[in-house]
Amino acid sequence: MKRVYNFNPGPATLPLEVLQEAQAEFLNFADSGMSIIEISHRSKPYEKVHNQAKADILELMGLGDDYEVLFIQGGASLQFAMIPLNFATKEKPGSYAVTGTFAKNAHKEANNLGVATLAASTESENFRRIPRQDELKISPDSAYFHICNNNTIFGTEYHYIPDTKNIPLFADMSSDMLSRPMDFKKFSLIYAGVQKNLGPAGVVVVVAKKSLLEKSPENLPTMLKYETFYKKNSLYNTPPAFSIYMVGKVAAWIKNCGGLEEMAKRNSAKAKILYDAIDESNGFYKGHAEKDSRSFMNVTFRLPSEDLEKKFVAEALEKNLSGVKGHRSVGGMRASIYNAMPIEGVETLADFMKNFAKNN
Ligand SMILES: *Cc1c(COP(=O)(O)O)cnc(C)c1O
């Protein structure tokens, strides 16, 4: 069987054990004689999958009964619109820190509705860093303060939780959800498109304080109200059952590995190997992110020329290192090293980087 080390940013690598488990039970799920994508979402076996996934996510995050997990379609990109539609008004707008492409898209959706303010932006520095606490201008009349916790394209990540002075903190964690323990109680709403670190595309996990979800503006379409998902256990209409089933398996895998502490240990060890390879290359490799903003999940770097970058991608592939080409807006390379990337993959890439620098 051919499997490469898959450094793609998303859809991204998933734990091999999870894929094998899904394969083994695919044709006859829970002795139903049907696959998970053929059974009713109102059936007992599906209900168990759905509720167990929710419970495991809350347990991993150390959150209690005052939080709810929702499963919503439309990707993280629909959350960019649902959030201002549900929570912001002209009098009480949403406040945004713009730290990359997705943070900018989130701000844009609220801005188009006329309900956004800008608390900070690092765009003039090509998003090389996360703003410091003292740079955040969160206006006191804000409905919420929105951050993108890990900037997938630029390879930067928050290493502190912003102090919002009691304004609800919302975070897009699409590319670092369940990658390390945090004081999640400081957040009022967290969401993640699961195709980076948690499963196949098709569902967004939203973890929010129940008190926020009880009432949505009445004039909104039913499927754009958080209230609908909350009151119907995310089963108002047919949910993306396969994606939720896989997210549940990934959450169980994380629990079996030792939870978020163990993920953090593995992820920081992996990131260190690659950042060391960059820093010890005598300037051959140049990291995009400033050191104190470096992401544990997406390692971005450039080579001395675009020709060498093309050569790097081609030769990496010969070593079964796939998906290392960076996003077109940054150029260079990006190695995405989510939870499921084994340390052997990162060691192979670091060895390849050292040899490539020597030979070129
Ligand atoms: C990929 C990504 C998105 C966009 O997700 P979709 O599910 O494709 O809409 C948003 N935010 C972050 C941080 C991402 O990495």
# chains A, B, ... in the order shown; residues from 1 in each chain; ligands from 1
>>> residues_around(residues="Ala357 (chain A)", least_positions_apart="4", cutoff="8 Å", atoms="only C-alpha atoms", output="PyMOL selection string")
chain A and resi 281+284+353
>>> residues_around(residues="Ser139 (chain A)", least_positions_apart="6", cutoff="10 Å", atoms="only C-alpha atoms", output="ChimeraX atom specification")
/A:92-95,117-119,145,164-165,167
>>> write_last_selection(atoms="N, CA, C and O atoms", output="mmCIF file, in the first residue's frame")
data_model
loop_
_atom_site.group_PDB
_atom_site.id
_atom_site.type_symbol
_atom_site.label_atom_id
_atom_site.label_comp_id
_atom_site.auth_asym_id
_atom_site.auth_seq_id
_atom_site.Cartn_x
_atom_site.Cartn_y
_atom_site.Cartn_z
ATOM 1 N N LYS A 92 -23.974 47.620 18.284
ATOM 2 C CA LYS A 92 -23.033 46.721 18.974
ATOM 3 C C LYS A 92 -22.331 45.856 17.934
ATOM 4 O O LYS A 92 -22.692 44.695 17.717
ATOM 5 N N PRO A 93 -21.333 46.418 17.249
ATOM 6 C CA PRO A 93 -20.691 45.677 16.155
ATOM 7 C C PRO A 93 -19.722 44.616 16.657
ATOM 8 O O PRO A 93 -19.391 44.572 17.848
ATOM 9 N N GLY A 94 -19.280 43.763 15.742
ATOM 10 C CA GLY A 94 -18.228 42.790 16.046
ATOM 11 C C GLY A 94 -16.876 43.440 15.817
ATOM 12 O O GLY A 94 -16.702 44.199 14.873
ATOM 13 N N SER A 95 -15.929 43.140 16.710
ATOM 14 C CA SER A 95 -14.584 43.706 16.598
ATOM 15 C C SER A 95 -13.639 42.615 16.096
ATOM 16 O O SER A 95 -13.708 41.467 16.554
ATOM 17 N N THR A 117 -15.996 46.407 13.318
ATOM 18 C CA THR A 117 -14.924 47.362 13.587
ATOM 19 C C THR A 117 -13.608 46.593 13.549
ATOM 20 O O THR A 117 -13.580 45.366 13.707
ATOM 21 N N LEU A 118 -12.523 47.333 13.325
ATOM 22 C CA LEU A 118 -11.203 46.710 13.210
ATOM 23 C C LEU A 118 -10.403 47.027 14.470
ATOM 24 O O LEU A 118 -10.150 48.182 14.783
ATOM 25 N N ALA A 119 -10.014 45.968 15.189
ATOM 26 C CA ALA A 119 -9.253 46.168 16.433
ATOM 27 C C ALA A 119 -7.749 46.187 16.176
ATOM 28 O O ALA A 119 -6.997 46.818 16.919
ATOM 29 N N PHE A 145 -15.288 39.973 20.273
ATOM 30 C CA PHE A 145 -13.987 40.208 19.650
ATOM 31 C C PHE A 145 -13.577 38.911 18.961
ATOM 32 O O PHE A 145 -13.550 37.855 19.592
ATOM 33 N N THR A 164 -10.035 40.675 26.793
ATOM 34 C CA THR A 164 -11.021 41.494 26.067
ATOM 35 C C THR A 164 -11.808 42.422 26.984
ATOM 36 O O THR A 164 -12.745 43.070 26.548
ATOM 37 N N LYS A 165 -11.466 42.447 28.243
ATOM 38 C CA LYS A 165 -12.233 43.252 29.216
ATOM 39 C C LYS A 165 -13.718 42.876 29.183
ATOM 40 O O LYS A 165 -14.595 43.717 29.016
ATOM 41 N N ILE A 167 -15.571 41.445 27.014
ATOM 42 C CA ILE A 167 -16.276 41.297 25.733
ATOM 43 C C ILE A 167 -16.088 39.845 25.285
ATOM 44 O O ILE A 167 -14.978 39.316 25.341
#
>>> closest_residue(among="A:Arg128, A:Lys358, A:Lys90, A:Lys209", to="Phe184 (chain A)", atoms="only C-alpha atoms")
A:Lys209
>>> atom_distance(atom1="CA of Ser121 (chain A)", atom2="CA of Tyr96 (chain A)")
8.5 Å
>>> residues_near_ligand(ligand="ligand 1", cutoff="8 Å", atoms="only C-alpha atoms and all ligand atoms", output="short mmCIF file (atom, residue, chain, number, x, y, z; two decimals) with all heavy atoms, in the first residue's frame")
data_model
loop_
_atom_site.label_atom_id
_atom_site.label_comp_id
_atom_site.auth_asym_id
_atom_site.auth_seq_id
_atom_site.Cartn_x
_atom_site.Cartn_y
_atom_site.Cartn_z
N PRO A 9 -2.31 21.41 3.66
CA PRO A 9 -2.93 22.24 4.70
C PRO A 9 -4.39 21.89 4.98
O PRO A 9 -4.91 22.20 6.04
CB PRO A 9 -2.84 23.65 4.11
CG PRO A 9 -2.84 23.44 2.64
CD PRO A 9 -2.08 22.16 2.40
N GLY A 10 -5.08 21.27 4.06
CA GLY A 10 -6.47 20.89 4.28
C GLY A 10 -7.24 20.85 2.97
O GLY A 10 -7.12 21.79 2.21
N GLY A 74 -21.46 24.21 5.53
CA GLY A 74 -21.13 25.52 4.93
C GLY A 74 -19.70 25.96 5.20
O GLY A 74 -19.30 27.04 4.78
N GLY A 75 -18.94 25.13 5.91
CA GLY A 75 -17.53 25.45 6.14
C GLY A 75 -17.33 26.58 7.13
O GLY A 75 -18.29 27.24 7.56
N ALA A 76 -16.07 26.79 7.48
CA ALA A 76 -15.74 27.92 8.37
C ALA A 76 -16.18 29.22 7.70
O ALA A 76 -16.57 30.18 8.37
CB ALA A 76 -14.25 27.93 8.66
N SER A 77 -16.17 29.23 6.37
CA SER A 77 -16.54 30.44 5.63
C SER A 77 -17.98 30.87 5.91
O SER A 77 -18.28 32.07 5.90
CB SER A 77 -16.34 30.23 4.13
OG SER A 77 -14.97 29.97 3.88
N LEU A 78 -18.89 29.92 6.14
CA LEU A 78 -20.26 30.33 6.49
C LEU A 78 -20.31 30.90 7.91
O LEU A 78 -21.12 31.79 8.20
CB LEU A 78 -21.25 29.17 6.33
CG LEU A 78 -22.72 29.57 6.59
CD1 LEU A 78 -23.20 30.61 5.60
CD2 LEU A 78 -23.64 28.37 6.57
N PHE A 102 -7.93 34.36 6.21
CA PHE A 102 -9.24 33.95 6.74
C PHE A 102 -9.78 34.96 7.75
O PHE A 102 -10.99 35.23 7.78
CB PHE A 102 -9.15 32.54 7.34
CG PHE A 102 -8.82 31.50 6.31
CD1 PHE A 102 -7.63 30.80 6.34
CD2 PHE A 102 -9.70 31.24 5.26
CE1 PHE A 102 -7.32 29.85 5.37
CE2 PHE A 102 -9.41 30.31 4.28
CZ PHE A 102 -8.21 29.60 4.33
N ALA A 103 -8.89 35.55 8.55
CA ALA A 103 -9.33 36.60 9.48
C ALA A 103 -9.89 37.78 8.70
O ALA A 103 -10.89 38.40 9.09
CB ALA A 103 -8.14 37.04 10.35
N CYS A 148 -8.51 34.89 14.62
CA CYS A 148 -8.20 33.62 13.96
C CYS A 148 -6.98 33.08 14.70
O CYS A 148 -5.89 33.64 14.59
CB CYS A 148 -7.91 33.84 12.48
SG CYS A 148 -7.52 32.30 11.63
N ASN A 149 -7.17 32.02 15.49
CA ASN A 149 -6.13 31.59 16.43
C ASN A 149 -4.87 31.07 15.74
O ASN A 149 -3.77 31.26 16.24
CB ASN A 149 -6.69 30.50 17.35
CG ASN A 149 -5.97 30.46 18.68
OD1 ASN A 149 -5.88 31.48 19.36
ND2 ASN A 149 -5.44 29.32 19.04
N ASN A 150 -5.06 30.43 14.60
CA ASN A 150 -3.89 29.94 13.83
C ASN A 150 -4.12 30.31 12.36
O ASN A 150 -5.14 29.94 11.78
CB ASN A 150 -3.76 28.43 13.99
CG ASN A 150 -2.54 27.89 13.26
OD1 ASN A 150 -1.40 28.10 13.69
ND2 ASN A 150 -2.76 27.22 12.14
N ASN A 151 -3.15 31.02 11.82
CA ASN A 151 -3.29 31.52 10.45
C ASN A 151 -2.59 30.54 9.50
O ASN A 151 -1.38 30.57 9.31
CB ASN A 151 -2.74 32.93 10.36
CG ASN A 151 -3.55 33.87 11.24
OD1 ASN A 151 -4.62 34.32 10.85
ND2 ASN A 151 -3.09 34.11 12.46
N THR A 152 -3.42 29.68 8.94
CA THR A 152 -3.00 28.52 8.16
C THR A 152 -2.07 28.88 7.00
O THR A 152 -1.13 28.16 6.70
CB THR A 152 -4.28 27.85 7.57
OG1 THR A 152 -5.30 27.91 8.56
CG2 THR A 152 -4.03 26.42 7.18
N ILE A 153 -2.36 29.99 6.34
CA ILE A 153 -1.62 30.36 5.13
C ILE A 153 -0.27 31.00 5.49
O ILE A 153 0.74 30.72 4.86
CB ILE A 153 -2.47 31.29 4.24
CG1 ILE A 153 -3.66 30.49 3.68
CG2 ILE A 153 -1.64 31.93 3.14
CD1 ILE A 153 -4.66 31.30 2.88
N ASP A 172 -11.78 31.55 15.44
CA ASP A 172 -11.68 30.57 14.37
C ASP A 172 -10.47 29.71 14.69
O ASP A 172 -9.34 30.18 14.68
CB ASP A 172 -11.50 31.31 13.03
CG ASP A 172 -11.29 30.38 11.84
OD1 ASP A 172 -11.26 29.14 12.05
OD2 ASP A 172 -11.16 30.89 10.71
N MET A 173 -10.71 28.44 15.04
CA MET A 173 -9.61 27.51 15.32
C MET A 173 -9.59 26.39 14.28
O MET A 173 -9.22 25.26 14.58
CB MET A 173 -9.74 26.93 16.74
CG MET A 173 -9.52 27.95 17.84
SD MET A 173 -9.18 27.15 19.42
CE MET A 173 -9.24 28.57 20.53
N SER A 174 -9.95 26.73 13.05
CA SER A 174 -10.04 25.69 12.01
C SER A 174 -8.77 24.88 11.90
O SER A 174 -8.81 23.68 11.68
CB SER A 174 -10.35 26.32 10.65
OG SER A 174 -11.65 26.83 10.64
N SER A 175 -7.60 25.53 12.03
CA SER A 175 -6.37 24.79 11.79
C SER A 175 -5.58 24.49 13.06
O SER A 175 -4.46 23.98 12.96
CB SER A 175 -5.50 25.53 10.77
OG SER A 175 -5.35 26.87 11.13
N ASP A 176 -6.15 24.75 14.25
CA ASP A 176 -5.44 24.27 15.45
C ASP A 176 -6.37 23.74 16.54
O ASP A 176 -5.94 23.51 17.67
CB ASP A 176 -4.47 25.33 16.01
CG ASP A 176 -5.17 26.58 16.51
OD1 ASP A 176 -6.37 26.77 16.19
OD2 ASP A 176 -4.51 27.38 17.21
N ALA A 192 -14.44 25.49 14.06
CA ALA A 192 -13.40 24.91 13.21
C ALA A 192 -14.02 24.14 12.06
O ALA A 192 -14.84 23.24 12.28
CB ALA A 192 -12.51 23.97 14.02
N GLY A 193 -13.65 24.49 10.84
CA GLY A 193 -13.90 23.62 9.70
C GLY A 193 -13.03 22.40 9.94
O GLY A 193 -11.84 22.53 10.17
N VAL A 194 -13.61 21.19 9.92
CA VAL A 194 -12.86 20.04 10.47
C VAL A 194 -11.79 19.49 9.53
O VAL A 194 -10.98 18.66 9.94
CB VAL A 194 -13.80 18.89 10.90
CG1 VAL A 194 -14.84 19.38 11.88
CG2 VAL A 194 -14.42 18.21 9.70
N GLN A 195 -11.75 19.96 8.30
CA GLN A 195 -10.87 19.30 7.30
C GLN A 195 -9.39 19.60 7.47
O GLN A 195 -8.58 19.12 6.69
CB GLN A 195 -11.34 19.65 5.88
CG GLN A 195 -11.11 21.09 5.45
CD GLN A 195 -12.24 22.03 5.87
OE1 GLN A 195 -13.05 21.72 6.72
NE2 GLN A 195 -12.29 23.19 5.26
N LYS A 196 -9.02 20.41 8.50
CA LYS A 196 -7.60 20.64 8.75
C LYS A 196 -7.07 19.59 9.74
O LYS A 196 -6.18 18.84 9.46
CB LYS A 196 -7.36 22.05 9.31
CG LYS A 196 -7.93 23.19 8.47
CD LYS A 196 -7.35 23.29 7.12
CE LYS A 196 -7.90 24.30 6.14
NZ LYS A 196 -8.64 25.44 6.54
N ALA A 201 -13.77 17.02 5.06
CA ALA A 201 -14.56 18.24 4.84
C ALA A 201 -16.04 17.93 4.96
O ALA A 201 -16.47 16.78 4.80
CB ALA A 201 -14.25 18.80 3.45
N GLY A 202 -16.84 18.94 5.26
CA GLY A 202 -18.29 18.74 5.26
C GLY A 202 -18.99 19.20 6.52
O GLY A 202 -20.20 19.35 6.54
N VAL A 203 -18.22 19.46 7.57
CA VAL A 203 -18.87 19.93 8.79
C VAL A 203 -17.96 20.89 9.54
O VAL A 203 -16.73 20.84 9.40
CB VAL A 203 -19.29 18.74 9.71
CG1 VAL A 203 -18.11 18.08 10.41
CG2 VAL A 203 -20.32 19.18 10.76
N VAL A 204 -18.60 21.81 10.26
CA VAL A 204 -17.89 22.71 11.16
C VAL A 204 -18.31 22.36 12.58
O VAL A 204 -19.49 22.15 12.84
CB VAL A 204 -18.25 24.18 10.86
CG1 VAL A 204 -17.66 25.13 11.89
CG2 VAL A 204 -17.78 24.56 9.47
#
>>> closest_residue(among="A:Ile190, A:Lys354, A:Asn237, A:Val330", to="Glu280 (chain A)", atoms="only C-alpha atoms")
A:Lys354
>>> closest_atom_pairs(of="region 247-314 of chain A", to="region 337-343 of chain A", cutoff="8 Å", atoms="only C-alpha atoms", output="Markdown table")
| residue | atom | partner | partner_atom | distance |
| --- | --- | --- | --- | --- |
| A:Met263 | CA | A:Asn339 | CA | 6.4 |
| A:Arg266 | CA | A:Ile343 | CA | 7.5 |
| A:Asn267 | CA | A:Asn339 | CA | 6.7 |
| A:Lys270 | CA | A:Ile343 | CA | 5.9 |
| A:Ala271 | CA | A:Ile337 | CA | 7.6 |
| A:Phe296 | CA | A:Ile337 | CA | 7.6 |
| A:Met297 | CA | A:Ile337 | CA | 5.1 |
| A:Asn298 | CA | A:Ile337 | CA | 6.2 |
| A:Val299 | CA | A:Ile337 | CA | 7.7 |
>>> decode(residues="region 41-54 of chain A", atoms="all heavy atoms", output="PDB file, in the first residue's frame")
ATOM      1  N   HIS A  41     -30.384   9.242   9.975  1.00  0.00           N
ATOM      2  CA  HIS A  41     -29.820  10.096  11.027  1.00  0.00           C
ATOM      3  C   HIS A  41     -30.737  10.137  12.246  1.00  0.00           C
ATOM      4  O   HIS A  41     -30.423  10.770  13.240  1.00  0.00           O
ATOM      5  CB  HIS A  41     -29.552  11.503  10.491  1.00  0.00           C
ATOM      6  CG  HIS A  41     -30.757  12.190   9.941  1.00  0.00           C
ATOM      7  ND1 HIS A  41     -31.391  11.780   8.800  1.00  0.00           N
ATOM      8  CD2 HIS A  41     -31.460  13.258  10.397  1.00  0.00           C
ATOM      9  CE1 HIS A  41     -32.425  12.569   8.569  1.00  0.00           C
ATOM     10  NE2 HIS A  41     -32.496  13.473   9.525  1.00  0.00           N
ATOM     11  N   ARG A  42     -31.895   9.504  12.157  1.00  0.00           N
ATOM     12  CA  ARG A  42     -32.781   9.394  13.333  1.00  0.00           C
ATOM     13  C   ARG A  42     -32.654   8.012  13.989  1.00  0.00           C
ATOM     14  O   ARG A  42     -33.432   7.680  14.871  1.00  0.00           O
ATOM     15  CB  ARG A  42     -34.247   9.614  12.930  1.00  0.00           C
ATOM     16  CG  ARG A  42     -34.514  10.844  12.071  1.00  0.00           C
ATOM     17  CD  ARG A  42     -34.656  12.118  12.876  1.00  0.00           C
ATOM     18  NE  ARG A  42     -34.775  13.290  12.009  1.00  0.00           N
ATOM     19  CZ  ARG A  42     -34.346  14.502  12.350  1.00  0.00           C
ATOM     20  NH1 ARG A  42     -33.774  14.712  13.523  1.00  0.00           N
ATOM     21  NH2 ARG A  42     -34.486  15.522  11.525  1.00  0.00           N
ATOM     22  N   SER A  43     -31.721   7.204  13.510  1.00  0.00           N
ATOM     23  CA  SER A  43     -31.602   5.850  14.071  1.00  0.00           C
ATOM     24  C   SER A  43     -30.747   5.858  15.336  1.00  0.00           C
ATOM     25  O   SER A  43     -29.927   6.752  15.532  1.00  0.00           O
ATOM     26  CB  SER A  43     -30.971   4.906  13.038  1.00  0.00           C
ATOM     27  OG  SER A  43     -29.623   5.286  12.790  1.00  0.00           O
ATOM     28  N   LYS A  44     -30.928   4.833  16.163  1.00  0.00           N
ATOM     29  CA  LYS A  44     -30.172   4.717  17.418  1.00  0.00           C
ATOM     30  C   LYS A  44     -28.658   4.673  17.183  1.00  0.00           C
ATOM     31  O   LYS A  44     -27.913   5.382  17.843  1.00  0.00           O
ATOM     32  CB  LYS A  44     -30.615   3.465  18.198  1.00  0.00           C
ATOM     33  CG  LYS A  44     -31.878   3.674  18.999  1.00  0.00           C
ATOM     34  CD  LYS A  44     -31.563   4.211  20.409  1.00  0.00           C
ATOM     35  CE  LYS A  44     -32.801   4.644  21.179  1.00  0.00           C
ATOM     36  NZ  LYS A  44     -33.521   5.822  20.635  1.00  0.00           N
ATOM     37  N   PRO A  45     -28.166   3.817  16.248  1.00  0.00           N
ATOM     38  CA  PRO A  45     -26.710   3.764  16.057  1.00  0.00           C
ATOM     39  C   PRO A  45     -26.126   5.129  15.658  1.00  0.00           C
ATOM     40  O   PRO A  45     -25.053   5.493  16.117  1.00  0.00           O
ATOM     41  CB  PRO A  45     -26.522   2.741  14.931  1.00  0.00           C
ATOM     42  CG  PRO A  45     -27.776   1.958  14.874  1.00  0.00           C
ATOM     43  CD  PRO A  45     -28.867   2.830  15.411  1.00  0.00           C
ATOM     44  N   TYR A  46     -26.834   5.872  14.810  1.00  0.00           N
ATOM     45  CA  TYR A  46     -26.291   7.181  14.438  1.00  0.00           C
ATOM     46  C   TYR A  46     -26.325   8.142  15.633  1.00  0.00           C
ATOM     47  O   TYR A  46     -25.359   8.865  15.907  1.00  0.00           O
ATOM     48  CB  TYR A  46     -27.015   7.829  13.233  1.00  0.00           C
ATOM     49  CG  TYR A  46     -26.409   9.203  13.037  1.00  0.00           C
ATOM     50  CD1 TYR A  46     -25.120   9.326  12.513  1.00  0.00           C
ATOM     51  CD2 TYR A  46     -27.042  10.365  13.519  1.00  0.00           C
ATOM     52  CE1 TYR A  46     -24.481  10.557  12.451  1.00  0.00           C
ATOM     53  CE2 TYR A  46     -26.410  11.593  13.454  1.00  0.00           C
ATOM     54  CZ  TYR A  46     -25.135  11.685  12.922  1.00  0.00           C
ATOM     55  OH  TYR A  46     -24.491  12.889  12.886  1.00  0.00           O
ATOM     56  N   GLU A  47     -27.440   8.135  16.344  1.00  0.00           N
ATOM     57  CA  GLU A  47     -27.582   9.045  17.493  1.00  0.00           C
ATOM     58  C   GLU A  47     -26.429   8.874  18.485  1.00  0.00           C
ATOM     59  O   GLU A  47     -25.902   9.838  19.031  1.00  0.00           O
ATOM     60  CB  GLU A  47     -28.906   8.721  18.186  1.00  0.00           C
ATOM     61  CG  GLU A  47     -29.526   9.885  18.940  1.00  0.00           C
ATOM     62  CD  GLU A  47     -30.947   9.530  19.344  1.00  0.00           C
ATOM     63  OE1 GLU A  47     -31.104   8.926  20.426  1.00  0.00           O
ATOM     64  OE2 GLU A  47     -31.872   9.818  18.556  1.00  0.00           O
ATOM     65  N   LYS A  48     -26.017   7.624  18.669  1.00  0.00           N
ATOM     66  CA  LYS A  48     -24.921   7.327  19.590  1.00  0.00           C
ATOM     67  C   LYS A  48     -23.614   7.968  19.105  1.00  0.00           C
ATOM     68  O   LYS A  48     -22.876   8.580  19.886  1.00  0.00           O
ATOM     69  CB  LYS A  48     -24.774   5.796  19.706  1.00  0.00           C
ATOM     70  CG  LYS A  48     -24.028   5.355  20.919  1.00  0.00           C
ATOM     71  CD  LYS A  48     -24.101   3.844  21.101  1.00  0.00           C
ATOM     72  CE  LYS A  48     -22.823   3.391  21.776  1.00  0.00           C
ATOM     73  NZ  LYS A  48     -22.530   1.980  21.564  1.00  0.00           N
ATOM     74  N   VAL A  49     -23.355   7.841  17.816  1.00  0.00           N
ATOM     75  CA  VAL A  49     -22.154   8.429  17.214  1.00  0.00           C
ATOM     76  C   VAL A  49     -22.149   9.951  17.419  1.00  0.00           C
ATOM     77  O   VAL A  49     -21.159  10.564  17.830  1.00  0.00           O
ATOM     78  CB  VAL A  49     -22.120   8.106  15.689  1.00  0.00           C
ATOM     79  CG1 VAL A  49     -21.138   8.986  14.940  1.00  0.00           C
ATOM     80  CG2 VAL A  49     -21.808   6.635  15.476  1.00  0.00           C
ATOM     81  N   HIS A  50     -23.280  10.556  17.129  1.00  0.00           N
ATOM     82  CA  HIS A  50     -23.464  12.012  17.181  1.00  0.00           C
ATOM     83  C   HIS A  50     -23.219  12.542  18.600  1.00  0.00           C
ATOM     84  O   HIS A  50     -22.428  13.459  18.808  1.00  0.00           O
ATOM     85  CB  HIS A  50     -24.916  12.265  16.740  1.00  0.00           C
ATOM     86  CG  HIS A  50     -25.304  13.694  16.517  1.00  0.00           C
ATOM     87  ND1 HIS A  50     -25.231  14.293  15.274  1.00  0.00           N
ATOM     88  CD2 HIS A  50     -25.807  14.648  17.352  1.00  0.00           C
ATOM     89  CE1 HIS A  50     -25.672  15.546  15.362  1.00  0.00           C
ATOM     90  NE2 HIS A  50     -26.032  15.786  16.609  1.00  0.00           N
ATOM     91  N   ASN A  51     -23.866  11.912  19.562  1.00  0.00           N
ATOM     92  CA  ASN A  51     -23.771  12.410  20.934  1.00  0.00           C
ATOM     93  C   ASN A  51     -22.419  12.103  21.582  1.00  0.00           C
ATOM     94  O   ASN A  51     -21.925  12.885  22.383  1.00  0.00           O
ATOM     95  CB  ASN A  51     -24.927  11.861  21.784  1.00  0.00           C
ATOM     96  CG  ASN A  51     -26.263  12.420  21.332  1.00  0.00           C
ATOM     97  OD1 ASN A  51     -26.329  13.527  20.783  1.00  0.00           O
ATOM     98  ND2 ASN A  51     -27.333  11.668  21.522  1.00  0.00           N
ATOM     99  N   GLN A  52     -21.832  10.955  21.187  1.00  0.00           N
ATOM    100  CA  GLN A  52     -20.512  10.619  21.735  1.00  0.00           C
ATOM    101  C   GLN A  52     -19.454  11.596  21.219  1.00  0.00           C
ATOM    102  O   GLN A  52     -18.569  12.026  21.964  1.00  0.00           O
ATOM    103  CB  GLN A  52     -20.135   9.176  21.353  1.00  0.00           C
ATOM    104  CG  GLN A  52     -18.893   8.651  22.071  1.00  0.00           C
ATOM    105  CD  GLN A  52     -19.106   8.555  23.585  1.00  0.00           C
ATOM    106  OE1 GLN A  52     -20.107   8.011  24.037  1.00  0.00           O
ATOM    107  NE2 GLN A  52     -18.171   9.097  24.364  1.00  0.00           N
ATOM    108  N   ALA A  53     -19.541  11.969  19.947  1.00  0.00           N
ATOM    109  CA  ALA A  53     -18.582  12.934  19.377  1.00  0.00           C
ATOM    110  C   ALA A  53     -18.668  14.253  20.142  1.00  0.00           C
ATOM    111  O   ALA A  53     -17.649  14.847  20.516  1.00  0.00           O
ATOM    112  CB  ALA A  53     -18.866  13.144  17.888  1.00  0.00           C
ATOM    113  N   LYS A  54     -19.889  14.709  20.403  1.00  0.00           N
ATOM    114  CA  LYS A  54     -20.073  15.967  21.154  1.00  0.00           C
ATOM    115  C   LYS A  54     -19.452  15.868  22.547  1.00  0.00           C
ATOM    116  O   LYS A  54     -18.725  16.762  22.985  1.00  0.00           O
ATOM    117  CB  LYS A  54     -21.580  16.266  21.307  1.00  0.00           C
ATOM    118  CG  LYS A  54     -22.259  16.710  20.030  1.00  0.00           C
ATOM    119  CD  LYS A  54     -23.771  16.898  20.230  1.00  0.00           C
ATOM    120  CE  LYS A  54     -24.077  17.901  21.331  1.00  0.00           C
ATOM    121  NZ  LYS A  54     -25.529  18.098  21.517  1.00  0.00           N
TER     122      LYS A  54
END
